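One file, query-v9.cif, carrying mmCIF, C-alpha atoms:
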data_input
loop_
_atom_site.label_atom_id
_atom_site.label_comp_id
_atom_site.auth_asym_id
_atom_site.auth_seq_id
_atom_site.Cartn_x
_atom_site.Cartn_y
_atom_site.Cartn_z
CA MET A 1 41.70 -49.99 40.52
CA THR A 2 43.39 -48.15 37.74
CA GLN A 3 44.46 -44.54 37.83
CA THR A 4 41.47 -43.55 35.62
CA GLU A 5 39.02 -45.10 38.10
CA ASN A 6 40.69 -43.17 40.98
CA GLU A 7 40.45 -39.95 38.97
CA ASP A 8 36.80 -40.67 38.11
CA ARG A 9 36.05 -41.44 41.71
CA SER A 10 37.77 -38.29 42.86
CA LEU A 11 35.86 -36.28 40.29
CA GLY A 12 32.62 -37.93 41.38
CA ASP A 13 33.41 -37.20 45.02
CA LEU A 14 34.23 -33.62 44.14
CA LEU A 15 30.98 -33.19 42.22
CA THR A 16 29.00 -34.72 45.10
CA ARG A 17 30.73 -32.41 47.52
CA LEU A 18 30.08 -29.41 45.24
CA VAL A 19 26.36 -30.22 45.03
CA THR A 20 26.12 -30.73 48.80
CA GLU A 21 27.97 -27.52 49.63
CA THR A 22 26.00 -25.52 47.06
CA SER A 23 22.75 -26.83 48.52
CA THR A 24 23.92 -25.92 52.03
CA LEU A 25 24.96 -22.46 50.86
CA VAL A 26 21.61 -21.81 49.20
CA GLN A 27 19.74 -23.00 52.31
CA ARG A 28 21.81 -20.73 54.55
CA GLU A 29 21.17 -17.77 52.26
CA ILE A 30 17.44 -18.48 52.41
CA ASP A 31 17.60 -18.73 56.20
CA LEU A 32 19.52 -15.44 56.40
CA ALA A 33 16.98 -13.69 54.18
CA ARG A 34 14.09 -15.10 56.21
CA THR A 35 15.65 -13.99 59.50
CA GLU A 36 16.51 -10.55 58.21
CA MET A 37 13.03 -9.97 56.79
CA SER A 38 11.41 -11.20 60.04
CA GLN A 39 13.44 -8.65 61.99
CA LYS A 40 12.46 -5.84 59.64
CA VAL A 41 8.77 -6.80 59.74
CA ALA A 42 8.88 -6.86 63.56
CA GLN A 43 10.46 -3.39 63.63
CA VAL A 44 7.88 -1.98 61.24
CA SER A 45 5.03 -3.64 63.17
CA ARG A 46 6.14 -2.20 66.52
CA GLY A 47 6.53 1.23 64.97
CA ALA A 48 3.09 1.05 63.36
CA GLN A 49 1.44 0.03 66.65
CA MET A 50 3.07 2.88 68.53
CA LEU A 51 2.12 5.29 65.76
CA ALA A 52 -1.53 4.20 65.85
CA ILE A 53 -1.87 4.48 69.63
CA GLY A 54 -0.03 7.78 69.78
CA SER A 55 -2.05 9.17 66.91
CA ALA A 56 -5.34 8.31 68.60
CA LEU A 57 -4.28 10.11 71.78
CA VAL A 58 -2.98 13.12 69.88
CA TYR A 59 -6.22 13.26 67.90
CA ALA A 60 -8.35 13.32 71.07
CA GLY A 61 -6.20 16.04 72.60
CA LEU A 62 -6.17 18.04 69.40
CA LEU A 63 -9.97 17.99 69.14
CA ALA A 64 -10.26 19.36 72.66
CA LEU A 65 -7.73 22.12 71.93
CA LEU A 66 -9.40 23.02 68.64
CA ALA A 67 -12.78 23.35 70.31
CA THR A 68 -11.15 25.55 72.94
CA ALA A 69 -9.52 27.70 70.23
CA VAL A 70 -12.85 28.22 68.45
CA VAL A 71 -14.58 29.16 71.70
CA ALA A 72 -11.73 31.53 72.61
CA LEU A 73 -11.90 33.28 69.23
CA VAL A 74 -15.65 33.71 69.54
CA GLN A 75 -15.52 34.78 73.18
CA TYR A 76 -12.46 37.04 73.30
CA VAL A 77 -11.97 38.24 69.72
CA ALA A 78 -15.70 38.52 69.03
CA LEU A 79 -15.54 36.61 65.74
CA PRO A 80 -18.65 34.92 64.40
CA TRP A 81 -18.70 31.14 64.97
CA TRP A 82 -18.26 30.34 61.29
CA VAL A 83 -15.20 32.63 60.96
CA ALA A 84 -13.55 31.21 64.07
CA THR A 85 -14.22 27.65 62.91
CA LEU A 86 -12.89 28.41 59.43
CA ALA A 87 -9.70 29.99 60.81
CA VAL A 88 -8.95 27.12 63.18
CA GLY A 89 -9.84 24.50 60.56
CA GLY A 90 -7.63 26.13 57.93
CA PHE A 91 -4.68 26.29 60.32
CA VAL A 92 -5.08 22.63 61.26
CA LEU A 93 -5.39 21.64 57.60
CA ILE A 94 -2.09 23.31 56.71
CA VAL A 95 -0.26 21.74 59.65
CA GLY A 96 -1.74 18.34 58.80
CA LEU A 97 -0.64 18.54 55.18
CA LEU A 98 2.92 19.37 56.27
CA ILE A 99 2.98 16.36 58.60
CA VAL A 100 1.62 14.04 55.89
CA ALA A 101 4.32 15.24 53.49
CA GLY A 102 7.00 14.52 56.10
CA GLY A 103 5.59 11.05 56.75
CA ARG A 104 5.52 10.18 53.06
CA HIS A 105 9.14 11.25 52.76
CA ALA A 106 10.14 9.10 55.76
CA LEU A 107 8.42 6.04 54.28
CA ARG A 108 10.10 6.53 50.91
CA ILE A 109 13.61 6.43 52.37
CA GLN A 110 12.94 3.28 54.46
CA GLN A 111 14.94 0.38 53.05
CA LEU A 112 13.14 -2.89 53.63
CA ALA A 113 15.33 -5.01 51.36
CA PRO A 114 17.53 -7.54 53.23
CA GLN A 115 20.84 -5.73 52.71
CA LYS A 116 23.08 -8.38 54.36
CA THR A 117 21.56 -11.16 52.28
CA LEU A 118 21.91 -9.18 49.06
CA GLN A 119 25.57 -8.50 49.85
CA THR A 120 26.35 -12.16 50.62
CA LEU A 121 24.56 -13.25 47.43
CA LYS A 122 26.67 -10.78 45.47
CA ASP A 123 29.83 -12.08 47.16
CA ASP A 124 28.82 -15.70 46.49
CA ALA A 125 28.15 -14.97 42.82
CA GLU A 126 31.54 -13.29 42.50
CA TRP A 127 33.25 -16.25 44.19
CA ALA A 128 31.43 -18.77 41.96
CA SER A 129 32.34 -16.77 38.87
CA LYS A 130 36.02 -16.79 39.85
CA GLN A 131 35.87 -20.51 40.60
CA ALA A 132 34.31 -21.21 37.21
CA THR A 133 37.00 -19.24 35.38
CA GLY A 134 39.79 -20.78 37.46
CA GLN A 135 40.88 -17.55 39.11
CA THR A 136 42.14 -17.61 42.66
CA PRO A 137 39.69 -15.79 44.98
CA GLN A 138 41.02 -12.73 46.74
CA THR A 139 40.80 -12.55 50.50
CA THR A 140 39.20 -9.50 52.04
#
What is this file in structure tokens?
Amino acid sequence: MTQTENEDRSLGDLLTRLVTETSTLVQREIDLARTEMSQKVAQVSRGAQMLAIGSALVYAGLLALLATAVVALVQYVALPWWVATLAVGGFVLIVGLLIVAGGRHALRIQQLAPQKTLQTLKDDAEWASKQATGQTPQTT
């Protein structure tokens, strides 16, 4: 073999290795994203289940307390039924609207994007860019 054939073979081996390692890197990034998203979906699912069950119980208890409040206003304050019902209903409406506003705010700040995967993709892109320009990568 001549020196040119050795260089060509080395270049071919390097290109094969580059393709293999790039493929492995992409597959690992996909696996990381899949794992991270599965964890986030499981967390959201558990939270939603607990929220639904708790809400149903709170709703049943609240209905009983509201009926008691209306009866108490009619019985002890001597309000007409419609006034007592309107007062209790208005109070509950205001409290409910405040809770809905808080829930919407909490959902808005929830970050469901796979943060670790995004960071590693950014790091990989930076590394590849430095490799392409011939710069030596910095260690962190």
(request) Write out as a list in words the residues lying within 10 Å of range 68-77 of chain A, counting all atoms listed in the file and excluding same-chain residues fewer than 4 positions away. (result)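 So the residues in contact are Leu62, Leu63, Ala64, Trp81, Trp82, Val83, Ala84, Thr85, Leu86, Ala87, Val88 and Gly89 of chain A.
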Just the selected residues (C-alpha atoms), exported as a PDB file, in the frame of the given file, please.
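Contents of the output file out.pdb:
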ATOM      1  CA  LEU A  62      -6.170  18.040  69.400  1.00  0.00           C
ATOM      2  CA  LEU A  63      -9.970  17.990  69.140  1.00  0.00           C
ATOM      3  CA  ALA A  64     -10.260  19.360  72.660  1.00  0.00           C
ATOM      4  CA  TRP A  81     -18.700  31.140  64.970  1.00  0.00           C
ATOM      5  CA  TRP A  82     -18.260  30.340  61.290  1.00  0.00           C
ATOM      6  CA  VAL A  83     -15.200  32.630  60.960  1.00  0.00           C
ATOM      7  CA  ALA A  84     -13.550  31.210  64.070  1.00  0.00           C
ATOM      8  CA  THR A  85     -14.220  27.650  62.910  1.00  0.00           C
ATOM      9  CA  LEU A  86     -12.890  28.410  59.430  1.00  0.00           C
ATOM     10  CA  ALA A  87      -9.700  29.990  60.810  1.00  0.00           C
ATOM     11  CA  VAL A  88      -8.950  27.120  63.180  1.00  0.00           C
ATOM     12  CA  GLY A  89      -9.840  24.500  60.560  1.00  0.00           C
TER      13      GLY A  89
END
(message) List the spatial neighbours of range 17-29 of chain A as a list in words - criterion: any atom at most 10 Å away, all atoms listed in the file, same-chain residues fewer than 4 positions off excluded.
(response) Leu11, Gly12, Asp13, Ala33, Arg34, Thr35, Lys116, Thr117, Leu118, Thr120, Leu121 and Asp124 of chain A
Those same residues - C-alpha atoms - I'd like them written as a PDB file, keeping the file's coordinate frame.
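Contents of again-v4.pdb, freshly written:
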ATOM      1  CA  LEU A  11      35.860 -36.280  40.290  1.00  0.00           C
ATOM      2  CA  GLY A  12      32.620 -37.930  41.380  1.00  0.00           C
ATOM      3  CA  ASP A  13      33.410 -37.200  45.020  1.00  0.00           C
ATOM      4  CA  ALA A  33      16.980 -13.690  54.180  1.00  0.00           C
ATOM      5  CA  ARG A  34      14.090 -15.100  56.210  1.00  0.00           C
ATOM      6  CA  THR A  35      15.650 -13.990  59.500  1.00  0.00           C
ATOM      7  CA  LYS A 116      23.080  -8.380  54.360  1.00  0.00           C
ATOM      8  CA  THR A 117      21.560 -11.160  52.280  1.00  0.00           C
ATOM      9  CA  LEU A 118      21.910  -9.180  49.060  1.00  0.00           C
ATOM     10  CA  THR A 120      26.350 -12.160  50.620  1.00  0.00           C
ATOM     11  CA  LEU A 121      24.560 -13.250  47.430  1.00  0.00           C
ATOM     12  CA  ASP A 124      28.820 -15.700  46.490  1.00  0.00           C
TER      13      ASP A 124
END
(request) Would you work out the distance separating CA of Leu57 in chain A from CA of Leu97 in chain A, expressed in Å to one decimal? (result) 19.0 Å
(message) Report, in Å to a single decimal, how far apart CA of Ser38 in chain A and CA of Gly103 in chain A are.
(response) 23.2 Å
